[in-house]
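Participant: Before I ask anything, let me first share the structure, which is written out below as structure tokens.
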4 protein chains.
Amino acid sequence: MSFFQDMLTTIGDRGRALMERPSRWSSIPGRDADKPVTPSQIAGLCKALLSSRGEASGAALAKQVLDLYDRLSSAAKPEFFSLLATEFGHDQEALRRSWAAYESTPGIETLRSLIRISEPPRQELFRRLNMAPSGTSRLVEMRKDILQAMEAQRELVVLDDDLTHLFRSWFNRGFLVLRRITWSTPADVLERIIRYEAVHEINGWSDLQRRLAPPDRRCYAFFHPSLVDDPLIFVEVALMRDAPHSVGEILAEERAPLDAGEATTAVFYSISNCQDGLRGISFGNFLIKQVVEELSRDLPNLKNFVTLSPAPAFGRWLCQIAENPAAGSLGEAQAVAIAALNRIDWTGKPDDVAKAVATARPIMLGLAAEYYLKAKNSAGKPIDPVARFHLGNGARLDRLNWPSDTSPKGLKEGAGLMVNYLYDIRSIEANHEAFANSDTIAASPAVLRQHREFEATRKMEARNV
Amino acid sequence: MSFFQDMLTTIGDRGRALMERPSRWSSIPGRDADKPVTPSQIAGLCKALLSSRGEASGAALAKQVLDLYDRLSSAAKPEFFSLLATEFGHDQEALRRSWAAYESTPGIETLRSLIRISEPPRQELFRRLNMAPSGTSRLVEMRKDILQAMEAQRELVVLDDDLTHLFRSWFNRGFLVLRRITWSTPADVLERIIRYEAVHEINGWSDLQRRLAPPDRRCYAFFHPSLVDDPLIFVEVALMRDAPHSVGEILAEERAPLDAGEATTAVFYSISNCQDGLRGISFGNFLIKQVVEELSRDLPNLKNFVTLSPAPAFGRWLCQIAENPAAGSLGEAQAVAIAALNRIDWTGKPDDVAKAVATARPIMLGLAAEYYLKAKNSAGKPIDPVARFHLGNGARLDRLNWPSDTSPKGLKEGAGLMVNYLYDIRSIEANHEAFANSDTIAASPAVLRQHREFEATRKMEARNV
Amino acid sequence: MSFFQDMLTTIGDRGRALMERPSRWSSIPGRDADKPVTPSQIAGLCKALLSSRGEASGAALAKQVLDLYDRLSSAAKPEFFSLLATEFGHDQEALRRSWAAYESTPGIETLRSLIRISEPPRQELFRRLNMAPSGTSRLVEMRKDILQAMEAQRELVVLDDDLTHLFRSWFNRGFLVLRRITWSTPADVLERIIRYEAVHEINGWSDLQRRLAPPDRRCYAFFHPSLVDDPLIFVEVALMRDAPHSVGEILAEERAPLDAGEATTAVFYSISNCQDGLRGISFGNFLIKQVVEELSRDLPNLKNFVTLSPAPAFGRWLCQIAENPAAGSLGEAQAVAIAALNRIDWTGKPDDVAKAVATARPIMLGLAAEYYLKAKNSAGKPIDPVARFHLGNGARLDRLNWPSDTSPKGLKEGAGLMVNYLYDIRSIEANHEAFANSDTIAASPAVLRQHREFEATRKMEARNV
Amino acid sequence: MSFFQDMLTTIGDRGRALMERPSRWSSIPGRDADKPVTPSQIAGLCKALLSSRGEASGAALAKQVLDLYDRLSSAAKPEFFSLLATEFGHDQEALRRSWAAYESTPGIETLRSLIRISEPPRQELFRRLNMAPSGTSRLVEMRKDILQAMEAQRELVVLDDDLTHLFRSWFNRGFLVLRRITWSTPADVLERIIRYEAVHEINGWSDLQRRLAPPDRRCYAFFHPSLVDDPLIFVEVALMRDAPHSVGEILAEERAPLDAGEATTAVFYSISNCQDGLRGISFGNFLIKQVVEELSRDLPNLKNFVTLSPAPAFGRWLCQIAENPAAGSLGEAQAVAIAALNRIDWTGKPDDVAKAVATARPIMLGLAAEYYLKAKNSAGKPIDPVARFHLGNGARLDRLNWPSDTSPKGLKEGAGLMVNYLYDIRSIEANHEAFANSDTIAASPAVLRQHREFEATRKMEARNV
């Protein structure tokens, strides 16, 4: 193994040594750094890179293109992208000829020509740019810029198509490397973890240490050999005795850590994508499953693998049905509960809060069940994006927790609701297929019962009316 | 660096641990290993892998497919490939519809659809197969089988197209890792170097040690992160004071090694591709250039980078012109020289050999110059494949050595000729472009003079006739 | 290299895996952790460890001894040390017999016996304790406890002698490993750097990053293979264009970093010993010299290697001579300057400060020269401990900077003075020998001139009086 | 871990980079290499190294001393050693004074002085030599030379004492690193394994591969961080279903390897010390025990840990008792068996051999039992050195195999006998103590029974006479 390991260091060395890109710690910039660069200048170099000159001096030319691109102002980038979209796309005339040939003589060779011609030259351009030092990482950055520019210029979608196609190939699951992140991980990687955390903000190094160092905490990330030290996605895990009802149970500053061997439940409480430039290239599904495997092997006592997840569209959905009770989807008591909800002063006297909660809770759980099981988007999938992700992975909706997240954000987006999804290795495939093929939502008996009660109440009210 | 390095070990570990493939040291095979497997059975699993089931359990299914494939007999593989070619290709009806839509409403969206539909489902199948442990390596093996099967079944070329397209992307120069191979390299890697050497056979471990351990020897290889410990291509280098005229100067068993710091000339005397399954994915050009860079940095005294290369088609070409002297390309003395050549007894008395050589040498060098500068294939490039490679890389034909390789093989293929190509960093790009765009062959003044003399002689003879 | 590297990982793995010692992140302690432990119980186990049982089960017994020792209260430790001192010391009777034998028959064999018997059994005990997991690190901890206990019980010095003797052997320069500390170093190592810094406190992670990440900053540490991830000593270096007059030039939060290649001067501005248990085992001398070598190799532009060092006894010395001006060592103007010094309000109006400084400066520099060149301790060496260290290493006193450190601590200990010592590779050996053998203090011409002027002034004043 | 690992690489790098010592692959030697060196010249440098100059420039001086030592001829080395023995030994006068002071005023301080003075300056010299690059390895080499010189000059034993004392400290079990040796180990390490194997010669790389690559083979070695890539001791292990009767069962070229998980018995069939310069520093005991631990953890199915060991003094012992049957230790039938033994033609007809064996076997086994249980040296331990090693480690004599090794060497030294020792973790400590304290030999019931039968036979014969 060690040879391999040593061998791969080279990538890291090379990446670092050649990176030479401005960082906040870099010293005074080089001589040429102030000369203005124009989009067409770079496009000219791109042409050269695609020519026979590019074959001879690919890596050097690719570096030059990317260095100049880095010096392009934000304002000038869209213009460069337009050049890429128009001047490096298909030769539509050739495409037409190719199709004609295929139509007249269908066969392997005419089909092969057609397929060959249907790949735009841009793809080869991007493949050649990848030869530059840190090329992969810099193309990921470029796609981030393209995604932004696309908001104003829809036609740039063709660039996105090309990069997406390449990235699907380059960031294939088979090339990803799972690594545990610990308190012994290099500080520059940890600094990125702090920055990338998207669910429960990490407040500095002490907070990070609390999430990594105790024996009942785990963190795993996917890396790619060509993205030096830069994670693609990571998940934070708490090892516990029971699935938690709220994130406070996990992030409390003062708590006695559990011995890892005594934990029975692994809780995935935060999962963050790191690279904007890889948007749409999906890693989360693989990450969760591989972490489940790792943990199962290391800690045979672990029996349950659950998430603690937000319900980001529940608040909005509640407003909608509250505004439109006539649609019949809501009984009167239910409407009253929603209204009452808005009046709860969560920072008020504990007794008052407890009383209000006691009244609202059964109704809220019923509404939550309705939200997950019945509220669908136009594609017939749940309107909750987190639910689409986990159910799509084959997880089961396991428990509705209310009230759980009563932070301002939690109340606004999820009306205080958080849920646990269960990853049960034995039913993942079946759940996924049922969800994919027939929109079936896997839910625990408890959630199904809560929904039946909700329905019964509504019907009863309806009858009473 | 070390984090990265450690991180990447995982690939190696994973690869090894999960490989589980039969080797000559493996123990008694598992229970199911004897059950017969049918091509259609595997094709069925491939369908599942492409379905929503594949999304949920991709890695496991992919492993299953490749494990079963490994158990398929050589005789059954072509049948499996046929299924891949026919059942996982384009939906030609959809392609037709897509084209019609584009024709009627040309625009970004119809073009995007067309492009999307022009990628056969096989590509996605191969990408998913790559999720299996050691997937990349096993797909490379599969392409090797496909290339073999293609000899009988030309229509399998579509599979080759798909894999070539993927491999071009996966084995992009940006992902390759250059590593020096030394006597401290793990034995299993060295065992492969012995096996893969294709130019000057390595006769066991002592011979290998003589090529790696002395201070004036170097060996470099390209590796890919996903091909555990298995090189893609490697080059052997001798550090010398002058470009050698023959390989004997390099491989002599008894010789006083030179101190690396005193060498002025690096000689690339053997370059071998390792993976049959990567045929046509070109690495040699990049390898030589990166090794030139490495060596320049490490040993500033090095001034010249040359090869010692065979002339594999020179023998055949000589025969052809000898058979057809009337074509006027050959003067009488020249024809006589060729004829005399065949009568030299290279193992005979040194004096006799020396005398014969003295007579033949100037004529042979002239013929060699003619061969390299004038003998072209239908594409207008040299008929010598090694020349096409090095000149295509931007090297210059630097010196003709005759007699150089008087081994039976050397006499048969190259009529005893070997040549040095010179890689001069300052002229590589210009040479390459001139060669690519106008078929210009870069040659040293000496070679050009030898050719002028050859021409003059021939003309004179012609005049004399 | 990689095999070696991989091989050594084992130490780290083993260390970590077996450490099992309480940390602030550890979970609930094991069952036995509360049982009381007595010193004599541990001493009993130590006896067993030295017996033939110890030969069979050394590592396990050693672990047991050290685990129990960890559970001993601070109050009980001195009692355990007393047992070690009395029951594991020399057999004085045997020593006497051995001497008698040597006296009666001097010769190799009687001398060998005498030498053998003059090593107390404790040394073997400590060597066997080292077999426990993390044994070395735990013995270093134990010596720390012993040094503390020695303050009350002088007779424990024999334990210190034994451990010092062992540590001199184990921490031999030949076994130390120099490592650069960067922002890519694992967070747990960096956390220790923050904790161990003894000269210029590091205020959290951002401050640390400012000292490690910019291109003109370096940090190096010595490690020992058996002290997992725990540095022995480290030095912080600033790369500059000139030797700095004060630490503010180095630690300023807002500053434009210099490109490392443009620096001409490396400034060692902080050097900290990390392990109390290794007090008296000297590493600083070797560290500075090896870092000078490393930097010279990496950055050929570096010409000067200087320190920026405190003058920790200057303040006290000034008080002493001020109190006793009659001793004739001080002229009147000099006495006035010292007195004025105490009245400067360093936080006052810049103009006032500047005026006061202008007056005091020449006199202070003269006093400083006197302090370094003439103020000696009973051994004839400078009273300044930092001077003893650097001059003892062969450095030269290069420049006196006043006012430099006007922080409360800087004013109190050093009266605002800081100095630069110069490490000039060509004169280190000569300086060291002159200092060691004849107490000669190497000083720059400027310092010597300042001292001559000081002397002249004093004499003149003396004459005037 | 990775930081640590990376950190330690430095040792390796440093070692290799600075080694600069002649090897069979090294190039032409440097300019000075031919100048003659004299012992007294080196001794002079040693003096400097011990002086204050040595404090300033230790590493450089140490390197110089060792480089010159390397150039000393074999003939000149003893002279250098004599200088070390006489000029770097105790100041006997000071020793005497120190003793007198202690005698007149016994107390801690006088004792400390005495102890301090009883360490010869040579020890400090050796510690300083260790600062040179590869110092440790070169001192190990020097001890090898000293051991050789001691054969002629007994008085050099004091040098050996000093180095032994240091090496006991430096090669403490706590600093050793266990590493598995596999077919992926670097070739230069494997080359050493081939060279160092002392029990069953390894016939080239294919033989080595057969011992490392199959799934039922293991090899482990101890390394020291300062001896780059050079093992101290290694053991070869075969995983089997039963303890083997002869080494042929293990080393057969054609055999179906066992799956490691199905093995129940680990057989240590070869253990070799690698460094002559570490003679007398014992590692074997620790190695076997740690390998037992490793294997137990990795392969829970393993139940038995046995050796297959030679009986190197059995042949000689048989001759002795055969020559002196009158001593009564041998019955007549037994004497006849021994005599018959010498007449067996082991390469003869299988039937004849079988018949001879059938007759001799019970008697030979009885004699073997007598040899192991009763034949003692003057210290009361078994005369068999291998038995002393394994029984001293706490193993049990488990089975006598005859005929087992019928190679010429096996017949000559062990009369064809080989034995299995059993390492049973539960009884190791008790066995060791009984052996160490009361010379008790742990033997299996079978061996004890064979001995009882042998005794009975002899007594019966005696009675019959």
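We name chains A, B, ... following the order of the structure tokens; residues begin at 1 in each chain, and ligands are numbered from 1 as shown.
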Please give the complete set of residues from range 59-170 of chain B that DSSP, run on the backbone, assigns to helix (DSSP H, G or I), formatted as an MDAnalysis selection string.

Facilitator: chainID B and resid 59:71 77:87 92:104 108:117 121:129 135:150 154:170

Participant: Excluding range 108-122 of chain A and residues on its chain fewer than 4 positions from it, collect all residues at most 6 Å away from it, counting only C-alpha atoms, and give them as a VMD selection string.

Facilitator: (chain A and resid 88 to 90 98 102) or (chain B and resid 115 118)

Participant: From the DSSP assignment of the backbone, select every residue of range 147-376 of chain B that is strand (DSSP E), and format the answer as number ranges by chain.

Facilitator: B: 177-180, 217-223, 233-240, 265-273, 304-307, 309-310

Participant: If you count only C-alpha atoms, which residues fall within 8 Å of range 410-416 of chain D, apart from same-chain ones fewer than 6 positions away, as a short mmCIF file (atom, residue, chain, number, x, y, z; two decimals) with C-alpha atoms, in the first residue's frame?

Facilitator:
```
data_model
loop_
_atom_site.label_atom_id
_atom_site.label_comp_id
_atom_site.auth_asym_id
_atom_site.auth_seq_id
_atom_site.Cartn_x
_atom_site.Cartn_y
_atom_site.Cartn_z
CA PRO D 310 15.85 -28.04 14.76
CA ALA D 311 17.68 -29.99 17.47
CA PRO D 312 21.18 -28.77 16.65
CA ALA D 313 23.08 -30.65 19.39
CA PHE D 314 21.18 -33.92 19.31
CA GLY D 315 23.56 -35.58 16.84
CA ARG D 316 26.61 -34.79 18.93
CA TRP D 402 11.50 -38.31 13.82
CA PRO D 403 12.51 -38.77 11.13
CA SER D 404 11.91 -35.19 10.07
#
```

Participant: So, with only C-alpha atoms as the atoms that count, which of B:Lys289, B:Arg71, B:Arg343, B:Lys144 lies closest to chain A?

Facilitator: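 When distances to chain A are compared using only C-alpha atoms, the smallest one comes from B:Lys289.
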
Participant: Just to confirm, what's the straight-line distance from CA of Leu166 in chain C to CA of Thr86 in chain C in Å (one decimal)?

Facilitator: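 CA of Thr86 in chain C lies 19.1 Å from CA of Leu166 in chain C.
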
Participant: Give me, as an NGL selection string, all polymer residues having an atom no more than 10 Å from range 370-379 of chain A, counting only C-alpha atoms and skipping those fewer than 6 positions away in the same chain.

Facilitator: :A and (311 or 313-314 or 317-318 or 329 or 364 or 387-388 or 397 or 400 or 439-443 or 447-448 or 450-452 or 454-455)

Participant: Might you pull out every residue within 8 Å of range 123-128 of chain C, with only C-alpha atoms counted and same-chain residues fewer than 2 positions away left off, and present them as an MDAnalysis selection string?

Facilitator: (chainID C and resid 46 49:50 58:59 62 119:121 130:132 139 162:163 166) or (chainID D and resid 169 172)

Participant: Which residues, written as a PyMOL selection string, have at least one atom at most 12 Å from range 355-359 of chain D, with only C-alpha atoms counted and residues fewer than 5 positions away on the same chain left out?

Facilitator: chain D and resi 333-334+336-346+348-350+364-365+402-404+406+416

Participant: Restricting the output to N, CA and C atoms, write the selected residues as a short mmCIF file (atom, residue, chain, number, x, y, z; two decimals), in the first residue's frame.

Facilitator:
```cif
data_model
loop_
_atom_site.label_atom_id
_atom_site.label_comp_id
_atom_site.auth_asym_id
_atom_site.auth_seq_id
_atom_site.Cartn_x
_atom_site.Cartn_y
_atom_site.Cartn_z
N ALA D 333 19.48 -52.12 23.60
CA ALA D 333 18.65 -51.92 22.42
C ALA D 333 18.81 -50.50 21.92
N GLN D 334 18.91 -49.58 22.87
CA GLN D 334 19.08 -48.18 22.51
C GLN D 334 20.40 -47.96 21.80
N VAL D 336 22.02 -50.12 20.16
CA VAL D 336 21.88 -50.75 18.84
C VAL D 336 21.14 -49.82 17.88
N ALA D 337 20.10 -49.18 18.38
CA ALA D 337 19.32 -48.27 17.53
C ALA D 337 20.19 -47.15 17.00
N ILE D 338 21.00 -46.59 17.90
CA ILE D 338 21.87 -45.51 17.45
C ILE D 338 22.82 -45.98 16.36
N ALA D 339 23.37 -47.12 16.60
CA ALA D 339 24.31 -47.67 15.63
C ALA D 339 23.60 -47.91 14.29
N ALA D 340 22.40 -48.50 14.37
CA ALA D 340 21.64 -48.79 13.16
C ALA D 340 21.36 -47.50 12.39
N LEU D 341 21.11 -46.47 13.14
CA LEU D 341 20.78 -45.18 12.57
C LEU D 341 21.81 -44.75 11.53
N ASN D 342 23.04 -44.92 11.91
CA ASN D 342 24.12 -44.49 11.02
C ASN D 342 24.19 -45.30 9.75
N ARG D 343 23.56 -46.45 9.78
CA ARG D 343 23.63 -47.29 8.60
C ARG D 343 22.45 -47.10 7.64
N ILE D 344 21.44 -46.36 8.08
CA ILE D 344 20.29 -46.14 7.18
C ILE D 344 20.73 -45.34 5.95
N ASP D 345 20.36 -45.87 4.78
CA ASP D 345 20.63 -45.13 3.54
C ASP D 345 19.34 -44.40 3.17
N TRP D 346 19.31 -43.11 3.57
CA TRP D 346 18.05 -42.36 3.44
C TRP D 346 17.62 -42.16 2.00
N GLY D 348 17.91 -44.56 -0.11
CA GLY D 348 17.72 -45.92 -0.59
C GLY D 348 16.28 -46.24 -0.94
N LYS D 349 16.02 -47.53 -1.09
CA LYS D 349 14.68 -47.97 -1.46
C LYS D 349 13.68 -47.59 -0.37
N PRO D 350 12.57 -46.99 -0.72
CA PRO D 350 11.58 -46.55 0.28
C PRO D 350 11.23 -47.66 1.27
N MET D 364 14.34 -43.85 19.10
CA MET D 364 14.84 -42.51 18.85
C MET D 364 14.00 -41.46 19.59
N LEU D 365 12.69 -41.67 19.59
CA LEU D 365 11.84 -40.71 20.29
C LEU D 365 12.15 -40.71 21.78
N TRP D 402 10.40 -37.56 14.38
CA TRP D 402 11.50 -38.31 13.82
C TRP D 402 10.98 -39.43 12.94
N PRO D 403 11.48 -39.61 11.75
CA PRO D 403 12.51 -38.77 11.13
C PRO D 403 11.85 -37.55 10.53
N SER D 404 12.49 -36.41 10.61
CA SER D 404 11.91 -35.19 10.07
C SER D 404 12.84 -34.54 9.06
N THR D 406 15.93 -35.03 7.04
CA THR D 406 16.93 -36.02 6.64
C THR D 406 17.89 -35.46 5.60
N GLY D 416 18.30 -36.16 12.26
CA GLY D 416 17.00 -36.28 11.62
C GLY D 416 15.84 -35.78 12.46
#
```

Participant: Please list as a ChimeraX atom specification every residue within 8 Å of Leu278 in chain C, counting only C-alpha atoms and excluding residues in the same chain fewer than 2 positions away.

Facilitator: /C:140,143-144,167,275-276,280-281

Participant: Compare D:Ile363, D:Leu156, D:Leu95, D:Ile383 by their minimum atom-to-atom distance to Glu453 in chain D, counting only C-alpha atoms, and give me the closest one.

Facilitator: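 For Glu453 in chain D, the nearest of the given residues is D:Ile363.
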
Participant: Give the answer as one residue: which of C:Asp352, C:Asp161, C:Glu461, C:Asp259 has the shortest atom-to-atom distance to chain A, using only C-alpha atoms?

Facilitator: C:Asp259
